[in-house]
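What follows is one structure encoded as structure tokens, with my remarks underneath.
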Amino acid sequence: MSELNPNNLGELLRAAADGELDAAGEDRLREHLAAHPEDEPRVAFERDLRDACGRAMRVETPAGLRDRVVAAVRAEEHLAGSLETKAAQTRSPSFWSGPVGSLASVAAVLALAFVILQLTTGILSSTGAPAQASQVSSFVDHEHHLCSVDAAHAAAKFGIHQLDKVPEAFADLTGKTFSIEHLVAGRTCGLVFVGAGECSVPPIHTPSLHLRFRSDGSVFPENIAVSIFIQPYTGYVEMEEGRFYRLGDDSRQIYGWVRGGVVSYLVADDPVPCELLRETMGLPEAVPID
Amino acid sequence: MERSEFERLALEHLDAVYRLSLHLTRNVERAEDLVQDVYVRALRPAAVERFEDRAGEDGTGGMRSWLFTICHNTFYTKLKREGRAPTAVGEFFAEPADGPAPDESPPAWDRGAFDWEQVDQTLKAAIAELSVEHREVLLMWGVDGLKYREIAEILGVPIGTVMSRLHRARKLVADALAADERAAETFGLRNGGES
């Protein structure tokens, strides 16, 4: 190979062992070995070392890894497909002439009016908090339901299967401490830990974990799903420590709170576990986010 | 090429991608996460399109190298995002990475009396001590049989850097073998390698 230093004997011998010599290198090697036959074993040694390193570095691939990878790829396709379907729907003219489209048009006009009012009068809050709360609540709601309907997505996502591994995983991911004390207490509320895994709760570039629970039927009906998303608190959705906020409307059980520099978002299929968890954590009644 | 066929061919390299991931992360759980990330990224339509453009019509040559590139980049991007340095970066990186390899010949050991099968444990321990950059190069060279140029392309470094890292890695591993008293006694290992 042309990168070889013509004066570097070691490089020549190693490249010979690695099969990296070009014609000129082969000629040099032949000349050298003719004059120094004692160097033959050195080339052979390098070949043996390579084989031995190869053997020593082989590892067994875990049995379920292929299935896990395929499930993750399918979940990604599914998510991309559903987003594309929604985008395609909104691109279609018939969407805007239908009842949903009409409502969306009205909502868009109202949103625009809201922004203009905010910019021109300054009488409304300038933090943009409601929009951010809405973005976060939509995201966590979607992820919570996706994990209910798409088992492959859930299986691929929830790689942590023990609740007591969550603080370590969260610390690895974010450098922050997270206590599972209240979640352990939540077990007495009839909740069973299903798993946890990385998630992308807004804002972007702030890592988060999605923790999943289900009811065991002892306190409220069986198989009600509960999700808790945890993330270092950045103030993206402004909250005060010690308060319990409702982020969703009456039909969606979405709540948020901040504790020890970590924000948690709770999503459940039913209001009962939310109430029980709130009480377990000693938090006051929920107030709307503003 | 059909997407399902492309996926099947990519999954043929699962063992190699897992091996690289494990040697990078040194943790089974993290390695599995990394492999999953690699395949999710690699099988996105835009990524497949880029690979096919590069490889040409029906070409799947270089798929393993392509997956290794994604694996390497994903690992280091994640590391950077987490604000962590690679584990056990060796002192060798204090010198210019693409500097020439020292002119040291391979050691003149008594090969005839050397039982390679028996030294695997010593080798494993020596390899585990290497920095992540050395281990990565050693793996691609030793197990996957990649050429210097292929490794350089995967890592995005000059070919001289690959040769230099590989030389360091081999030397550290060979020195560890020579320093192993049991290996020296049992296998008649004697280092006469001043050259």
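Ordering of the structure tokens sets the chain letters (A, B, ...), residue numbers begin anew at 1 in every chain, and ligands are numbered from 1 in the order given.
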Contact set, chain A to chain B: 8 Å, only C-alpha atoms, as a ChimeraX atom specification
/A:3,8-11,13-14,20,39,41-43,45-46,48-61,65-66,68-69,72-73,76,173-174
Pick out the residues sitting within 9 Å of A:Glu241, and hand them over as a ChimeraX atom specification; count only C-alpha atoms, and ignore anything fewer than 2 positions along from it in its own chain.
/A:239,243-244,257-261
Atoms kept (C-alpha atoms) for selection, written as an mmCIF file, in the first residue's frame:
data_model
loop_
_atom_site.group_PDB
_atom_site.id
_atom_site.type_symbol
_atom_site.label_atom_id
_atom_site.label_comp_id
_atom_site.auth_asym_id
_atom_site.auth_seq_id
_atom_site.Cartn_x
_atom_site.Cartn_y
_atom_site.Cartn_z
ATOM 1 C CA MET A 239 -44.699 24.683 37.199
ATOM 2 C CA ARG A 243 -48.312 21.819 43.094
ATOM 3 C CA PHE A 244 -50.235 19.327 40.970
ATOM 4 C CA TRP A 257 -45.710 18.180 38.814
ATOM 5 C CA VAL A 258 -42.134 19.064 39.695
ATOM 6 C CA ARG A 259 -40.156 17.465 42.469
ATOM 7 C CA GLY A 260 -36.428 17.717 43.140
ATOM 8 C CA GLY A 261 -35.629 19.299 39.767
#
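Counting only C-alpha atoms and comparing A:Gly195, A:Pro232, A:Pro288, A:Gly190, the residue that lies closest to A:Asp249 is A:Pro288.
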If we count only C-alpha atoms and set the cut-off at 7 Å, which residues sit around stretch 69-73 of chain B, ignoring sequence neighbours fewer than 4 positions away in its own chain? Please answer as a ChimeraX atom specification.
/B:38,65,77,154-155
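Distances to A:Ala24 were evaluated for A:Cys274, A:Leu12, A:Ile230, A:Ala151 using only C-alpha atoms, and the minimum falls at A:Leu12.
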Find the distance between atom CA of B:Arg50 and atom CA of B:Trp66 and write it in Å to one decimal.
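Between these atoms lies a distance of 10.6 Å.
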Mind checking which residues fall within 10 Å of B:Thr25, counting only C-alpha atoms, ignoring those fewer than 4 positions away in the same chain, and posting them as a ChimeraX atom specification?
/B:20-21,29-32,34,75,79,86-87,132
Between atom CA of A:Thr234 and atom CA of A:Gly197 - distance in Å to one decimal
20.3 Å
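The interatomic distance for the pair atom CA of A:Glu275 and atom CA of A:Val226 works out to 11.9 Å.
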Closest of B:Ala55, B:Ala47, B:Val137, B:Met63 to B:His13, counting only C-alpha atoms, is B:Met63
Stretch 203-216 of chain A environment, 7 Å, only C-alpha atoms, sequence neighbours closer than 4 positions dropped, as a PDB file with N, CA and C atoms, in the first residue's frame:
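Listing of part15.pdb after writing:
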ATOM      1  N   PHE A 170     -32.109   6.729  34.819  1.00  0.00           N
ATOM      2  CA  PHE A 170     -32.387   8.160  34.682  1.00  0.00           C
ATOM      3  C   PHE A 170     -31.117   8.976  34.938  1.00  0.00           C
ATOM      4  N   LEU A 173     -28.862   8.738  31.999  1.00  0.00           N
ATOM      5  CA  LEU A 173     -29.395   9.486  30.853  1.00  0.00           C
ATOM      6  C   LEU A 173     -29.280  10.989  31.044  1.00  0.00           C
ATOM      7  N   THR A 174     -29.520  11.447  32.275  1.00  0.00           N
ATOM      8  CA  THR A 174     -29.662  12.894  32.491  1.00  0.00           C
ATOM      9  C   THR A 174     -28.696  13.469  33.518  1.00  0.00           C
ATOM     10  N   GLY A 190     -52.417  -0.602  43.833  1.00  0.00           N
ATOM     11  CA  GLY A 190     -52.817  -1.621  42.866  1.00  0.00           C
ATOM     12  C   GLY A 190     -52.155  -1.445  41.518  1.00  0.00           C
ATOM     13  N   LEU A 191     -50.985  -0.774  41.499  1.00  0.00           N
ATOM     14  CA  LEU A 191     -50.280  -0.593  40.221  1.00  0.00           C
ATOM     15  C   LEU A 191     -49.068  -1.520  40.134  1.00  0.00           C
ATOM     16  N   VAL A 192     -48.884  -2.105  38.963  1.00  0.00           N
ATOM     17  CA  VAL A 192     -47.759  -3.005  38.727  1.00  0.00           C
ATOM     18  C   VAL A 192     -46.867  -2.353  37.679  1.00  0.00           C
ATOM     19  N   PHE A 193     -45.557  -2.380  37.939  1.00  0.00           N
ATOM     20  CA  PHE A 193     -44.614  -1.784  36.980  1.00  0.00           C
ATOM     21  C   PHE A 193     -44.479  -2.701  35.758  1.00  0.00           C
ATOM     22  N   VAL A 194     -44.631  -2.116  34.582  1.00  0.00           N
ATOM     23  CA  VAL A 194     -44.516  -2.901  33.340  1.00  0.00           C
ATOM     24  C   VAL A 194     -43.116  -2.759  32.755  1.00  0.00           C
ATOM     25  N   GLY A 195     -42.626  -1.522  32.703  1.00  0.00           N
ATOM     26  CA  GLY A 195     -41.298  -1.303  32.130  1.00  0.00           C
ATOM     27  C   GLY A 195     -41.043   0.174  31.934  1.00  0.00           C
ATOM     28  N   ALA A 196     -39.812   0.483  31.540  1.00  0.00           N
ATOM     29  CA  ALA A 196     -39.458   1.881  31.283  1.00  0.00           C
ATOM     30  C   ALA A 196     -38.470   1.936  30.128  1.00  0.00           C
ATOM     31  N   GLY A 197     -38.462   3.066  29.448  1.00  0.00           N
ATOM     32  CA  GLY A 197     -37.522   3.228  28.341  1.00  0.00           C
ATOM     33  C   GLY A 197     -37.415   4.690  27.951  1.00  0.00           C
ATOM     34  N   GLU A 198     -36.395   4.959  27.137  1.00  0.00           N
ATOM     35  CA  GLU A 198     -36.154   6.344  26.714  1.00  0.00           C
ATOM     36  C   GLU A 198     -37.296   6.880  25.870  1.00  0.00           C
ATOM     37  N   CYS A 199     -37.507   8.163  25.949  1.00  0.00           N
ATOM     38  CA  CYS A 199     -38.598   8.798  25.216  1.00  0.00           C
ATOM     39  C   CYS A 199     -38.125  10.183  24.767  1.00  0.00           C
ATOM     40  N   PHE A 220     -58.699  -0.936  41.454  1.00  0.00           N
ATOM     41  CA  PHE A 220     -59.625  -0.538  40.382  1.00  0.00           C
ATOM     42  C   PHE A 220     -59.489  -1.547  39.253  1.00  0.00           C
ATOM     43  N   PRO A 221     -60.358  -1.452  38.240  1.00  0.00           N
ATOM     44  CA  PRO A 221     -60.403  -2.532  37.248  1.00  0.00           C
ATOM     45  C   PRO A 221     -59.032  -2.891  36.668  1.00  0.00           C
ATOM     46  N   GLU A 222     -58.917  -4.141  36.319  1.00  0.00           N
ATOM     47  CA  GLU A 222     -57.648  -4.683  35.835  1.00  0.00           C
ATOM     48  C   GLU A 222     -57.236  -4.052  34.498  1.00  0.00           C
ATOM     49  N   ASN A 223     -55.903  -3.975  34.296  1.00  0.00           N
ATOM     50  CA  ASN A 223     -55.311  -3.564  33.020  1.00  0.00           C
ATOM     51  C   ASN A 223     -55.577  -2.124  32.601  1.00  0.00           C
ATOM     52  N   ILE A 224     -55.856  -1.281  33.570  1.00  0.00           N
ATOM     53  CA  ILE A 224     -55.893   0.155  33.258  1.00  0.00           C
ATOM     54  C   ILE A 224     -54.439   0.600  33.180  1.00  0.00           C
ATOM     55  N   ALA A 225     -54.078   1.267  32.081  1.00  0.00           N
ATOM     56  CA  ALA A 225     -52.670   1.644  31.896  1.00  0.00           C
ATOM     57  C   ALA A 225     -52.394   3.023  32.467  1.00  0.00           C
ATOM     58  N   VAL A 226     -51.232   3.134  33.061  1.00  0.00           N
ATOM     59  CA  VAL A 226     -50.783   4.412  33.624  1.00  0.00           C
ATOM     60  C   VAL A 226     -49.354   4.658  33.120  1.00  0.00           C
ATOM     61  N   SER A 227     -49.110   5.853  32.626  1.00  0.00           N
ATOM     62  CA  SER A 227     -47.751   6.212  32.186  1.00  0.00           C
ATOM     63  C   SER A 227     -47.246   7.391  32.989  1.00  0.00           C
ATOM     64  N   ILE A 228     -45.993   7.351  33.352  1.00  0.00           N
ATOM     65  CA  ILE A 228     -45.353   8.522  33.958  1.00  0.00           C
ATOM     66  C   ILE A 228     -44.103   8.827  33.135  1.00  0.00           C
ATOM     67  N   PHE A 229     -44.028  10.056  32.650  1.00  0.00           N
ATOM     68  CA  PHE A 229     -42.870  10.496  31.868  1.00  0.00           C
ATOM     69  C   PHE A 229     -42.037  11.398  32.781  1.00  0.00           C
ATOM     70  N   ILE A 230     -40.750  11.118  32.891  1.00  0.00           N
ATOM     71  CA  ILE A 230     -39.907  11.949  33.758  1.00  0.00           C
ATOM     72  C   ILE A 230     -38.770  12.571  32.952  1.00  0.00           C
ATOM     73  N   GLN A 231     -38.433  13.792  33.338  1.00  0.00           N
ATOM     74  CA  GLN A 231     -37.476  14.587  32.563  1.00  0.00           C
ATOM     75  C   GLN A 231     -36.886  15.658  33.495  1.00  0.00           C
ATOM     76  N   TYR A 236     -39.747  24.509  30.704  1.00  0.00           N
ATOM     77  CA  TYR A 236     -40.421  24.565  29.396  1.00  0.00           C
ATOM     78  C   TYR A 236     -41.927  24.718  29.599  1.00  0.00           C
TER      79      TYR A 236
END
Of the listed residues B:Met1, B:Ala176, B:Ala152, B:Leu24, that which approaches B:Asp53 most closely, counting only C-alpha atoms
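Ranking B:Met1, B:Ala176, B:Ala152, B:Leu24 by distance to B:Asp53, first place goes to B:Met1.
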